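Please read the structure below before turning to the comments.
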Amino acid sequence: MNNSKSRRCRWTAIVLTCQNIENAQSFQTELNLRRDRGDIDRDVILLTVEDPKQEVGSGGATLNALLVVAEHISSKTGYTVVNSDVLEKSLILIVHMGRFFPFDPCGRAFVSLPLVSDNSGETCNSLVCNFDLLLETMTTKFAANSQNGVWVCSSDMFLKISDDIVTGALDGADAVVVAVPGTLDYAQNHGIYKISAEGEVENILYQCKSLDVMREFILPSGDVALVSGVVYLSVRVAERLLACHVVPPLSSCTYFGQDSGTLPIQLSLFFDFVLAMCSQVSEDTFVAGGVWAGERGTAGTGSGDSDRHAVLTARRLIWRQLSKFKVKALLLKGQHSYMDFQPLTHYRHLLWPVQESSRWSFRRRCHSFLKTGSDVPESSVLINSIIGKNVKVGSSSAISHCHLATALEIGCNSMLQDIALDDATIVDAKLKDEIAVCAYRIFLPMLDQHAPQRVFIVFGMKDDLQNHRTFCNDEFSLFLRRTGISITDLWDSSIPEERRTLLNARLFSVMNLRTKIGFDEVLWLQGSQSSVASNMSMLERWKSSWRLSIVEILPLLDVSGHFNFRKKLFFDVATEIIRDSLVNGRNYGLNRIFRSAVNEGYAEKILEVLDSVGSEEKSPGIAARTLASIAEVLGAMSKGDGGLRSGPASNLLWQSAFQLLEQEEISGGFRAMANERANWLVLPSHMIRAARHYEGAAQILIRHAVMSARNFVKTRACEPVAIDRWVTVDCPARIDIAGGWSDTPPITYEHGGAVLNAAVTVGGRRPIGAKVKRIANLQLVLHIENDETVTITELSSLKDYNQPHSPGALLKAAMLCAEIVQYPSDSTLAQQLFEKHGGGFEIYTWSNLPHGSGLGTSSILAGAIMAALWKSSGKAFDISSLNHAVLHLEQLLTTGGGWQDQVGGLTPGIKVGHSRAELPLKIEVTFLKITPETIKAFNDRLLLVYTGKTRLARNLLQNVVRNWYSRNPEIVDTEDRLVANVWTCAQAFENGDLEAVGKCLSEYWQQKKVMAPGCEPEAVGRMMAALRPHTYGMSMAGAGGGGFLYLLMKEPKSVDAVRDILASVQGTENAEVYDAYVDEVGLELTVEDCGAVKVPLMFDG
């Protein structure tokens, strides 16, 4: 058992024991859900095993569970009978549910806790239960490097164990018990171990009140070793134990014995099995009953209803089987907290949970929703609950699995559990301070088993359920006087005074033939008067009702109904969160909810909610995120079997829905999408294809949202340039120094964006440009790449303007965006050209940069084309309008993308472009106050390295948008840091601190790698590693993945040094080094025979 924090064991089987078969299927479902969401490996055998009879004890339950799991493994291995040899290759976990728990109808193992996952890699949104904590502890700590064998764990405690576990000394042990240090006071109500100097367990005490006896158990530290409820049995011991299943009377603890008609005896895992291996326990002492409780005699287990002779015989058999083995103690730093019958103990477990870990952390709001108008202080804990608008919660209260829709005031330091309260007859109800209310669903004997009854249980936080000194925090005599209840109403005369407790008092009404049992009984019992009933009428109603005690209610629990109620409530909360997140633009990650819905059969409900949100929306931004969310649900429904998420999305069957969205008929478009979706839910591959079309539909609405930038395009009429005179536009490239990705739609208008970039020359040239001239012929002549010329004489030739890979698509889209012509139109191309311009147009474009350079080529080129077209056709413009127009053009072209490229290349110098989290989308530019000396020093140290690797941002962009729409927490956090880094970098520039600029640059590259994993090719990584010691900072240009790498060198004029360094790096054969300088002109426009024309950054006024 060598320690390793990072390792997880691989269980062969996990077994959960429970008291009766009626609840076994519910618990099995919970196990299966944990496997479905990835908490348990797919190949692990999961079993829920009911005890043969109640009260067989933890020892009997362990023996029966071991038999059942050995049968399953034997069968799976090919044996026809139980074969203990299978244990040699098995690592088995047995978790005992134990007895019913009065504070949670689903039992101690499934008490929900205010813990949330801190792991962004978690696939599902789920509540954290005690079972999850125990499973994580067993898997990652105790059994992480365990030898094969059987681990047994109780679920009646919370266990917090230090991470620094050292278990190597226990390798080869016969058995191991886990202990944690505790005080003598605490130990008087629990079990403790006596441990030798060599680490062997010598004896066990349980609830010993004698300090004289306990002194022998005190550790050198002054503490005692508490029984934690965790035991490891080696294969040797497990084989011996398994052999007992055929030997009477031990066989009576298993289903073998039950099926053979024998009466079970009660055995304890600790005080029958483990005690037999303790080194200071003799056979006579053990068989007689031991000294484990500090008294000799028959106080041991097995003395209940079982025959005394059978108990003695069983102990002799256990001694013969196990006494030759030794048990070692693993005493760890940690904390043990037993889940007892004290309300205050359970309350403290909810308000201050014992266990947090690297996986989970405490959170006071766990999967809950507060409606506007509710009043819940920060000090209170909510778990899987909806709090209505007229509900007021007192400080430091704990509310679990409740839907409170009616007016209600809850006092301070209170607990509510499993309550769905929407009774309109309850008006201004008030629960006093320190009151606990639980609503249980039970099946009453002789009634319809498909219609469980609801019973409210109430008690005070200061009550002790194991006596009746107080009730609802009042002295019991005061409670009796206040209500008029008599002792004989609560207990039969056959129950002696000393055995009368709140647990067996028949306090709680479950049925009344004349009236409905409800929350009024709770208010009356706790001491506040209902608005609809007097004390006398309530007393009469209470007395005429069929009443049960807690101990009578617990065996009647509808455990399955409670799990189903909590699951339904979980997704009711989820629908509230989904609707609120989408409509109000919350940064809440919804994908975990979607995957949970798929795993638990609620996917259709979630789709209906999303359809509803989308159909009610008028904002294209909100509707687009909703469509993307539906795509995520469909992707989750395919369960990884449908193929890649990215792919074509132009199937004709979806086109009618797409057309409605293009026409901004969002409601109709959503309905049409939903109708078509219903035909695509049969096969995983079809679900993925449907998801692609939903993402395609989202892109339509993103385009509409981005096209709101047209509001900020301002042009003015001017004299058109004469026919056959060229208008030429030259532009620098751009490098992004901080903030990229924050300009990307929809991030830019949902989060707000800021990018610091610089216009630069490359190798002394302004590499991007276009020229346009008016021509006499009524046609469009487009000179495109590879010396290809496209001559357009028919309007229909423009129809592929939105197909980026079709010849001349960018130029065609620019013609439409610049309003040279209109498509579609009733007028022909020739008619439009003649009427509007008196002739046609001829266009050349160029870029002297490699394809996929990352230097913003396509957007800057689009700006150059637009500028030349506008000027040639008689429109004056400013750079701000041009920046917004390029956004519009790229949406027409369907290439998407953000605004930083055109801002970087069309606008001069080093500056910050920024946009607010709002629509319409407006780009603003802030020019930095940088000294000429700083600019010179920056120029002297700035180098560009062409990596020889081309890259396309398209797939990277799809993944970034997908992750943003899902509100991946890491992506949201990175967006915050991207924008913050921009202003830090801006300050560094203004301070003339290039070293600080370099740090921002390197931080920016790390942020890019979070946004788009895989954007650093291996060869580029080697280049960066070799160059890092010589730079203040560096980053790949644009989205990364290839293209240019830019460096801020420590030393000026380092071109030759960089070439020498790269020459020694593998995979850099095609790399080229260029100097680069900040371009302080930006877009430059000239008219043939007229010279340069100044383009203002922004029109006055």
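Chains: A, B, ... in order of the structure tokens. Residues: from 1 per chain. Ligands: from 1, in order shown.
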
(request) Give the strand (DSSP E or B) residues of region 803-995 of chain A, as DSSP finds them on the backbone, and put them as a ChimeraX atom specification. (result) /A:840-847,875-877,910-915,923-927,942-946

(request) Write out as a PyMOL selection string all residues of region 375-527 of chain A that backbone DSSP assigns to alpha helix (DSSP H). (result) chain A and resi 476-483+487-490+519-526

Per residue of region 508-567 of chain A within 12 Å of region 21-26 of chain A, what are the shortest atom pair and its distance in Å to one decimal, counting only C-alpha atoms, with rows by chain and residue number, as JSON lines?
{"residue": "A:Pro555", "atom": "CA", "partner": "A:Glu22", "partner_atom": "CA", "distance": 10.3}
{"residue": "A:Leu556", "atom": "CA", "partner": "A:Glu22", "partner_atom": "CA", "distance": 10.2}
{"residue": "A:Leu557", "atom": "CA", "partner": "A:Asn23", "partner_atom": "CA", "distance": 9.2}
{"residue": "A:Asp558", "atom": "CA", "partner": "A:Asn23", "partner_atom": "CA", "distance": 8.1}
{"residue": "A:Val559", "atom": "CA", "partner": "A:Asn23", "partner_atom": "CA", "distance": 6.2}
{"residue": "A:Ser560", "atom": "CA", "partner": "A:Ser26", "partner_atom": "CA", "distance": 5.4}
{"residue": "A:Gly561", "atom": "CA", "partner": "A:Ser26", "partner_atom": "CA", "distance": 9.0}
{"residue": "A:His562", "atom": "CA", "partner": "A:Ser26", "partner_atom": "CA", "distance": 9.6}
{"residue": "A:Phe563", "atom": "CA", "partner": "A:Ser26", "partner_atom": "CA", "distance": 7.4}
{"residue": "A:Asn564", "atom": "CA", "partner": "A:Ser26", "partner_atom": "CA", "distance": 9.1}
{"residue": "A:Lys567", "atom": "CA", "partner": "A:Ser26", "partner_atom": "CA", "distance": 12.0}

(request) Write out as a PyMOL selection string which residues come within 12 Å of region 50-53 of chain A when counting only C-alpha atoms, dropping same-chain ones fewer than 3 positions away. (result) chain A and resi 15-28+47+56-68+95-99+251-266

Determine, using only C-alpha atoms, which residues of region 935-988 of chain A have any atom at most 12 Å from an atom of region 121-141 of chain A, and tabulate each with its shortest atom pair and distance in Å to one decimal place, rows ordered by chain and then rising number, as a tab-separated table.
residue	atom	partner	partner_atom	distance
A:Asn968	CA	A:Gly121	CA	9.5
A:Pro969	CA	A:Gly121	CA	9.9
A:Glu970	CA	A:Gly121	CA	9.8

Keeping only N, CA, C and O atoms, take the residues you just selected and write them out as a PDB file, in the first residue's frame.
ATOM      1  N   ASN A 968     -18.073  27.280 -20.023  1.00  0.00           N
ATOM      2  CA  ASN A 968     -17.016  26.533 -19.358  1.00  0.00           C
ATOM      3  C   ASN A 968     -16.335  27.469 -18.354  1.00  0.00           C
ATOM      4  O   ASN A 968     -15.846  28.530 -18.738  1.00  0.00           O
ATOM      5  N   PRO A 969     -16.310  27.114 -17.057  1.00  0.00           N
ATOM      6  CA  PRO A 969     -15.769  28.047 -16.053  1.00  0.00           C
ATOM      7  C   PRO A 969     -14.351  28.510 -16.360  1.00  0.00           C
ATOM      8  O   PRO A 969     -14.005  29.676 -16.126  1.00  0.00           O
ATOM      9  N   GLU A 970     -13.524  27.616 -16.888  1.00  0.00           N
ATOM     10  CA  GLU A 970     -12.151  27.989 -17.209  1.00  0.00           C
ATOM     11  C   GLU A 970     -12.121  29.027 -18.327  1.00  0.00           C
ATOM     12  O   GLU A 970     -11.298  29.954 -18.305  1.00  0.00           O
TER      13      GLU A 970
END

(message) Show me, as number ranges by chain, the residues that have an atom within 9 Å of Glu617 (chain A) when counting only C-alpha atoms, minus same-chain residues fewer than 6 positions from it.
(response) A: 583, 623, 666-667

Selected residues written out with all heavy atoms, as a PDB file, in the first residue's frame:
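Writing done, so here's selection.pdb:
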ATOM      1  N   VAL A 583     -31.791  34.020 -20.407  1.00  0.00           N
ATOM      2  CA  VAL A 583     -32.512  35.289 -20.569  1.00  0.00           C
ATOM      3  C   VAL A 583     -31.715  36.458 -20.006  1.00  0.00           C
ATOM      4  O   VAL A 583     -31.710  37.553 -20.573  1.00  0.00           O
ATOM      5  CB  VAL A 583     -33.898  35.197 -19.901  1.00  0.00           C
ATOM      6  CG1 VAL A 583     -34.589  36.558 -19.907  1.00  0.00           C
ATOM      7  CG2 VAL A 583     -34.768  34.167 -20.624  1.00  0.00           C
ATOM      8  N   ALA A 623     -31.176  34.208 -28.314  1.00  0.00           N
ATOM      9  CA  ALA A 623     -31.693  33.082 -29.098  1.00  0.00           C
ATOM     10  C   ALA A 623     -30.553  32.228 -29.646  1.00  0.00           C
ATOM     11  O   ALA A 623     -30.649  31.000 -29.696  1.00  0.00           O
ATOM     12  CB  ALA A 623     -32.568  33.594 -30.234  1.00  0.00           C
ATOM     13  N   ILE A 666     -37.766  34.673 -35.181  1.00  0.00           N
ATOM     14  CA  ILE A 666     -37.102  33.766 -34.236  1.00  0.00           C
ATOM     15  C   ILE A 666     -38.081  32.735 -33.681  1.00  0.00           C
ATOM     16  O   ILE A 666     -37.767  31.533 -33.607  1.00  0.00           O
ATOM     17  CB  ILE A 666     -36.445  34.574 -33.104  1.00  0.00           C
ATOM     18  CG1 ILE A 666     -35.308  35.429 -33.672  1.00  0.00           C
ATOM     19  CG2 ILE A 666     -35.910  33.649 -32.011  1.00  0.00           C
ATOM     20  CD1 ILE A 666     -34.654  36.339 -32.662  1.00  0.00           C
ATOM     21  N   SER A 667     -39.249  33.160 -33.283  1.00  0.00           N
ATOM     22  CA  SER A 667     -40.216  32.234 -32.689  1.00  0.00           C
ATOM     23  C   SER A 667     -40.590  31.126 -33.677  1.00  0.00           C
ATOM     24  O   SER A 667     -40.556  29.941 -33.355  1.00  0.00           O
ATOM     25  CB  SER A 667     -41.458  32.997 -32.235  1.00  0.00           C
ATOM     26  OG  SER A 667     -42.399  32.116 -31.655  1.00  0.00           O
TER      27      SER A 667
END

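Residues in contact range of Ala709 (chain A), defined as at most 7 Å between only C-alpha atoms, with sequence neighbours fewer than 3 positions away removed, read Val706, Phe712, His884, His888, Pro920, Leu921 and Lys922 of chain A.
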
Return as a Markdown table the residues of region 93-179 of chain A lying at most 10 Å from region 395-406 of chain A, together with the closest atom-to-atom pair for each and the distance in Å to one decimal, counting only C-alpha atoms, with rows in chain order and ascending residue number.
| residue | atom | partner | partner_atom | distance |
| --- | --- | --- | --- | --- |
| A:Asp104 | CA | A:Ser400 | CA | 9.8 |
| A:Val111 | CA | A:Ser400 | CA | 9.5 |
| A:Ser112 | CA | A:Ser400 | CA | 7.7 |
| A:Leu113 | CA | A:Ser400 | CA | 8.8 |
| A:Pro114 | CA | A:Ser400 | CA | 9.2 |

(request) For Cys366 (chain A), work out the shell of residues within 7 Å, counting only C-alpha atoms and skipping chain neighbours fewer than 2 positions away, then give it as a ChimeraX atom specification. (result) /A:114-116,363-364,368,382-384

Dump as a CSV table (one decimal), in the first residue's frame, selection limited to N, CA, C and O atoms:
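That gives us again.csv:
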chain,number,residue,atom,x,y,z
A,114,PRO,N,-23.6,20.4,1.2
A,114,PRO,CA,-23.4,21.7,0.5
A,114,PRO,C,-22.0,21.7,0.0
A,114,PRO,O,-21.1,22.6,0.3
A,115,LEU,N,-21.7,20.8,-1.0
A,115,LEU,CA,-20.4,20.7,-1.6
A,115,LEU,C,-20.5,20.8,-3.1
A,115,LEU,O,-21.5,20.2,-3.6
A,116,VAL,N,-19.6,21.4,-3.8
A,116,VAL,CA,-19.7,21.5,-5.2
A,116,VAL,C,-18.3,21.1,-5.8
A,116,VAL,O,-17.3,21.3,-5.1
A,363,ARG,N,-20.0,25.2,-0.4
A,363,ARG,CA,-20.7,26.2,-1.0
A,363,ARG,C,-22.1,26.3,-0.4
A,363,ARG,O,-22.8,25.3,-0.3
A,364,ARG,N,-22.5,27.5,0.0
A,364,ARG,CA,-23.8,27.7,0.7
A,364,ARG,C,-25.0,27.6,-0.3
A,364,ARG,O,-26.1,27.4,0.2
A,368,SER,N,-29.4,25.5,-6.4
A,368,SER,CA,-30.7,26.1,-5.9
A,368,SER,C,-31.0,27.3,-6.6
A,368,SER,O,-30.1,28.0,-7.3
A,382,LEU,N,-28.5,26.3,1.1
A,382,LEU,CA,-29.6,25.8,0.3
A,382,LEU,C,-29.0,24.6,-0.6
A,382,LEU,O,-28.0,24.8,-1.2
A,383,ILE,N,-29.7,23.5,-0.6
A,383,ILE,CA,-29.3,22.4,-1.4
A,383,ILE,C,-30.5,21.9,-2.2
A,383,ILE,O,-31.5,21.6,-1.6
A,384,ASN,N,-30.4,21.9,-3.5
A,384,ASN,CA,-31.4,21.4,-4.4
A,384,ASN,C,-32.8,22.0,-4.1
A,384,ASN,O,-33.7,21.2,-3.8

(message) Which residues are near Ile40 (chain A)? Cut-off 10 Å, only C-alpha atoms, ignore same chain within fewer than 3 positions. Put them as a list in words.
(response) Arg10, Trp11, Ile14, Leu31, Asn32, Leu33, Arg34, Arg35, Asp36, Arg37, Asp43, Val44, Ile45, Leu46, Leu135, Glu136 and Thr139 of chain A

(request) Figure out the distance between CA of Val247 (chain A) and CA of Ala175 (chain A), please, to one decimal in Å. (result) 22.2 Å

(request) Give the answer as one residue: which of A:Phe989, A:Tyr440, A:Phe286, A:Phe325 has the shortest atom-to-atom distance to Ile910 (chain A), using only C-alpha atoms? (result)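 Closest residue, counting only C-alpha atoms: A:Phe989.
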